[in-house]
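Colleague: Got a structure here, written out as structure tokens. Questions coming.
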Amino acid sequence: MSETVPVPHGLPMERNAGPFDPPREITRLREARPVSPLVFPDGHKGWLVTGYEEVRQLMADTRFSSRQDIGIVHVPYETPGMPVATEPSPQIPGLFVAMDPPDHTRLRRKLTGAFTVKRMKQLEEHIIDIVERQLDEMARLTPPVDLVKAFALPVPSLVICELLGVPYEDRDNFQVNSAKFLIKDQALEEKMAAYGAMTMYLAGLVTGKRAEPGEDILSDLARDDDLTIEELTGIAFLLLLAGHETTANMLGLGTFALLEHPEQLAELRADPELVPDAVEELMRYLSVADIFYRYATEDIELGGETIGKGSTVVISLLAANRDGRRFHNPDTLDIHRRARGLVAFGHGIHQCLGQQLARIEMRAGFDGLLRRLPTLELAIPADEVKLRTDMNIYGVHELPVTW
């Protein structure tokens with residue numbers, strides 16, 4: 001490969017190409033060297049993978065470990081002066097996204113029945129009802145209104161609370177602490193304090209469900225004596241965090257993107273049948289869960305490069321979903337695209353377990369929002385929208401709208 005491509009020192013994270021696009025340096029690297037060397041802030045050398053085919057190949061190869069207790073370097077984009085976590089993290093019981101087979105297989109298998117396409121489809125009418133009720137509440141407010149607080153966050157929070165059996169009235173606890181947990185540049189003690197607050201709450205919840213199970217996913221898991229309370233707590237943390245943060249940010253950022261592409265928005269309003277395709281395209285175009293890590297357990301060839309055993313590998317799903325070798329005019333939002341094969345939900349054994357649920361929530365959310373509020377528009381200039389550049393899941397902190 002060409003040696004003229006500069007090796008990035010730290011992961012380029014500045015959204016300098018616009019609120020919806022990857023950082024320019026990430027795009028340049030993908031075009032020139034889709035598997036590129038990367039130097040972490042502490043001098044440790046690793047790799048950055050940005051090409052679509054290379055990302056899929058990597059995520060399907062279990063020789064790239066997901067474990068964080070065998071040497072993964074955390075947070076390669078810390079701000080100057082912040083501590084850089086370079087020590088392996090202990091493996092957390094139940095947190096199967098950070099496990100490899102057979103541990104990953106054992107835990108994930110216990111959840112596949114809860115998230116089947118059939119079971120999710122059965123929930124569709126109920127999810128539509130939740131969306132409509134939330135829009136009823138929002139319509140009673142006097143604009144301008146923060147769409148995140150009034151709609152994008154409550155809808156997936158209500159859905160995941162019902163599914164898991166988490167009391168929605170406790171949402172302040174988990175919403176505040178999950179937001180704190182996802183802040184990028186913070187001391188490890190602060191991150192662990194937020195994690196500790198959530199897990200203490202969830203440990204009490206699953207212990208109660210083991211004693212008196214109800215009709216929900218956590219109760220079903222609590223009936224399984226093969227799972228310890230610690231594992232139940234870790235699973236609950238993962239499902240609750242992923243179950244509301246990702247969809248909430250897709251609803252918020254997706255609405256912002258549509259409002260900034262008025263011709264696409266007008267076509268979508270004119271033909272609601274396009275909503276499912278629009279959801280796929282928004283996921284490709286925005287990819288709010290962007291950066292993931294793997295650890296090479298042996299020397300592995302990828303994209304014409306040799307990734308040495310012990311190397312930390314950083315993956316950009318957003319860059320992969322904007323790869324012109326896979327998608328025509330990749331930087332254009334096109335609701336007619338019928339984007340297939342996107343990697344917004346990952347790929348391989350760690351592909352998002354709740355992807356069908358997320359799709360149903362987004363279809364219902366965007367359909368309801370556009371139908372009920374036909375004159376929806378931003379209440380502030382687009383360049384004043386507060387972006388979640390400080391968070392590990394991208395989106396908008398607030399989206400003031402009027403109608």
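Every chain in the structure tokens has a letter given in the order shown (A, B, ...), and although residue numbers restart at 1 in each chain, ligands are simply numbered from 1 in the order shown.
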Compile the contact shell of Met138 (chain A) as a list in words: residues with an atom at most 9 Å away, counting only C-alpha atoms, same-chain residues fewer than 6 positions apart removed.

Modeller: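 Counting only C-alpha atoms, the residues come to Val145, Leu147, Ala150 and Phe151 of chain A.
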
Colleague: Please return as a ChimeraX atom specification: the residues of region 190-308 of chain A that backbone DSSP assigns to strand (DSSP E or B).

Modeller: /A:291-296,300-302,305-307

Colleague: With a distance cut-off of 10 Å and only C-alpha atoms, select the neighbouring residues of Leu265 (chain A), excluding the residue or stretch itself and same-chain residues fewer than 4 positions from it, and output the selection as a PyMOL selection string.

Modeller: chain A and resi 255+257-261+269-271+278+335+370

Colleague: Once you have the residues from the selection above, write them out as a tab-separated table (two decimals), in the first residue's frame, restricted to N, CA and C atoms.

Modeller:
```tsv
chain	number	residue	atom	x	y	z
A	255	THR	N	-34.48	13.15	12.35
A	255	THR	CA	-35.41	14.26	12.10
A	255	THR	C	-34.65	15.51	11.67
A	257	ALA	N	-31.78	15.56	10.11
A	257	ALA	CA	-31.31	15.32	8.74
A	257	ALA	C	-32.44	15.54	7.73
A	258	LEU	N	-33.63	15.06	8.03
A	258	LEU	CA	-34.77	15.24	7.11
A	258	LEU	C	-35.14	16.72	6.98
A	259	LEU	N	-35.13	17.43	8.10
A	259	LEU	CA	-35.45	18.86	8.05
A	259	LEU	C	-34.42	19.65	7.24
A	260	GLU	N	-33.19	19.14	7.22
A	260	GLU	CA	-32.13	19.79	6.45
A	260	GLU	C	-32.09	19.32	5.00
A	261	HIS	N	-32.95	18.36	4.65
A	261	HIS	CA	-33.08	17.88	3.26
A	261	HIS	C	-34.56	17.99	2.88
A	269	ARG	N	-43.28	12.77	3.06
A	269	ARG	CA	-44.63	13.17	3.49
A	269	ARG	C	-45.66	12.77	2.44
A	270	ALA	N	-45.29	12.92	1.17
A	270	ALA	CA	-46.23	12.64	0.07
A	270	ALA	C	-46.48	11.14	-0.08
A	271	ASP	N	-45.52	10.32	0.33
A	271	ASP	CA	-45.65	8.87	0.16
A	271	ASP	C	-45.14	8.13	1.40
A	278	ALA	N	-36.71	4.77	3.92
A	278	ALA	CA	-36.10	5.97	4.50
A	278	ALA	C	-35.36	5.64	5.80
A	335	ILE	N	-33.78	8.73	0.05
A	335	ILE	CA	-34.76	7.81	0.65
A	335	ILE	C	-35.27	6.76	-0.34
A	370	LEU	N	-44.19	12.75	11.06
A	370	LEU	CA	-44.44	13.48	9.81
A	370	LEU	C	-45.93	13.62	9.52
```

Colleague: Which residues are close to Ala222 (chain A), i.e. within 9 Å by only C-alpha atoms, leaving aside same-chain residues fewer than 6 positions away? Reply as a PyMOL selection string.

Modeller: chain A and resi 206-207+209-211+213+228-229+232

Colleague: With C-alpha atoms retained, write the just-selected residues as a compact mmCIF listing (two decimals), in the first residue's frame.

Modeller:
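Output file selection19.txt follows:
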```txt
# COMPACT_ATOMS: atom_id res chain seq x y z
CA VAL A 206 -33.50 -8.52 38.80
CA THR A 207 -33.21 -9.89 42.34
CA LYS A 209 -37.81 -10.61 39.52
CA ARG A 210 -36.02 -13.81 40.50
CA ALA A 211 -38.14 -13.90 43.66
CA PRO A 213 -41.12 -13.02 38.13
CA THR A 228 -26.24 -15.54 38.15
CA ILE A 229 -27.61 -12.27 39.55
CA LEU A 232 -28.63 -10.86 34.88
```

Colleague: Rank A:Pro400, A:Lys309, A:Pro41, A:Pro93 by their smallest atom-to-atom distance to Ala382 (chain A), using only C-alpha atoms, and report the top residue only.

Modeller: A:Pro400

Colleague: For each of A:Gly214, A:Gly346, A:Pro374, A:Pro37, take the minimum atom-to-atom distance to Phe292 (chain A), counting only C-alpha atoms, then give the residue where this is smallest.

Modeller: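 Ranked by minimum distance to Phe292 (chain A), first place goes to A:Gly346.
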
Colleague: Nearest residue to Gly308 (chain A) out of A:Met250, A:Leu123, A:Ala296, A:Ile291, using only C-alpha atoms?

Modeller: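 Nearest candidate to Gly308 (chain A) out of A:Met250, A:Leu123, A:Ala296, A:Ile291: A:Ala296.
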
Colleague: When distances are computed from only C-alpha atoms, which of A:Thr27, A:Ser36, A:Ser316, A:Thr402 shows the smallest separation from His9 (chain A)?

Modeller: A:Ser36

Colleague: Name the closest residue to Leu11 (chain A) among the candidates A:Thr246, A:Thr50, A:Thr116, A:Thr199; distances are taken between atoms, counting only C-alpha atoms.

Modeller: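 Ranking A:Thr246, A:Thr50, A:Thr116, A:Thr199 by distance to Leu11 (chain A), first place goes to A:Thr50.
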
Colleague: Between A:Glu273, A:Glu281, A:Glu298, A:Glu377, single out the one closest to Pro330 (chain A), counting only C-alpha atoms.

Modeller: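 Of all the options, A:Glu281 lies closest to Pro330 (chain A).
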
Colleague: List as a list in words the protein and nucleic acid residues near region 96-103 of chain A, meaning an atom at most 8 Å away when only C-alpha atoms are counted, but skip any in the same chain fewer than 6 places from it.

Modeller: Thr62, Ser65, Ser66, Arg67, Gln68, Ile235 and His350 of chain A
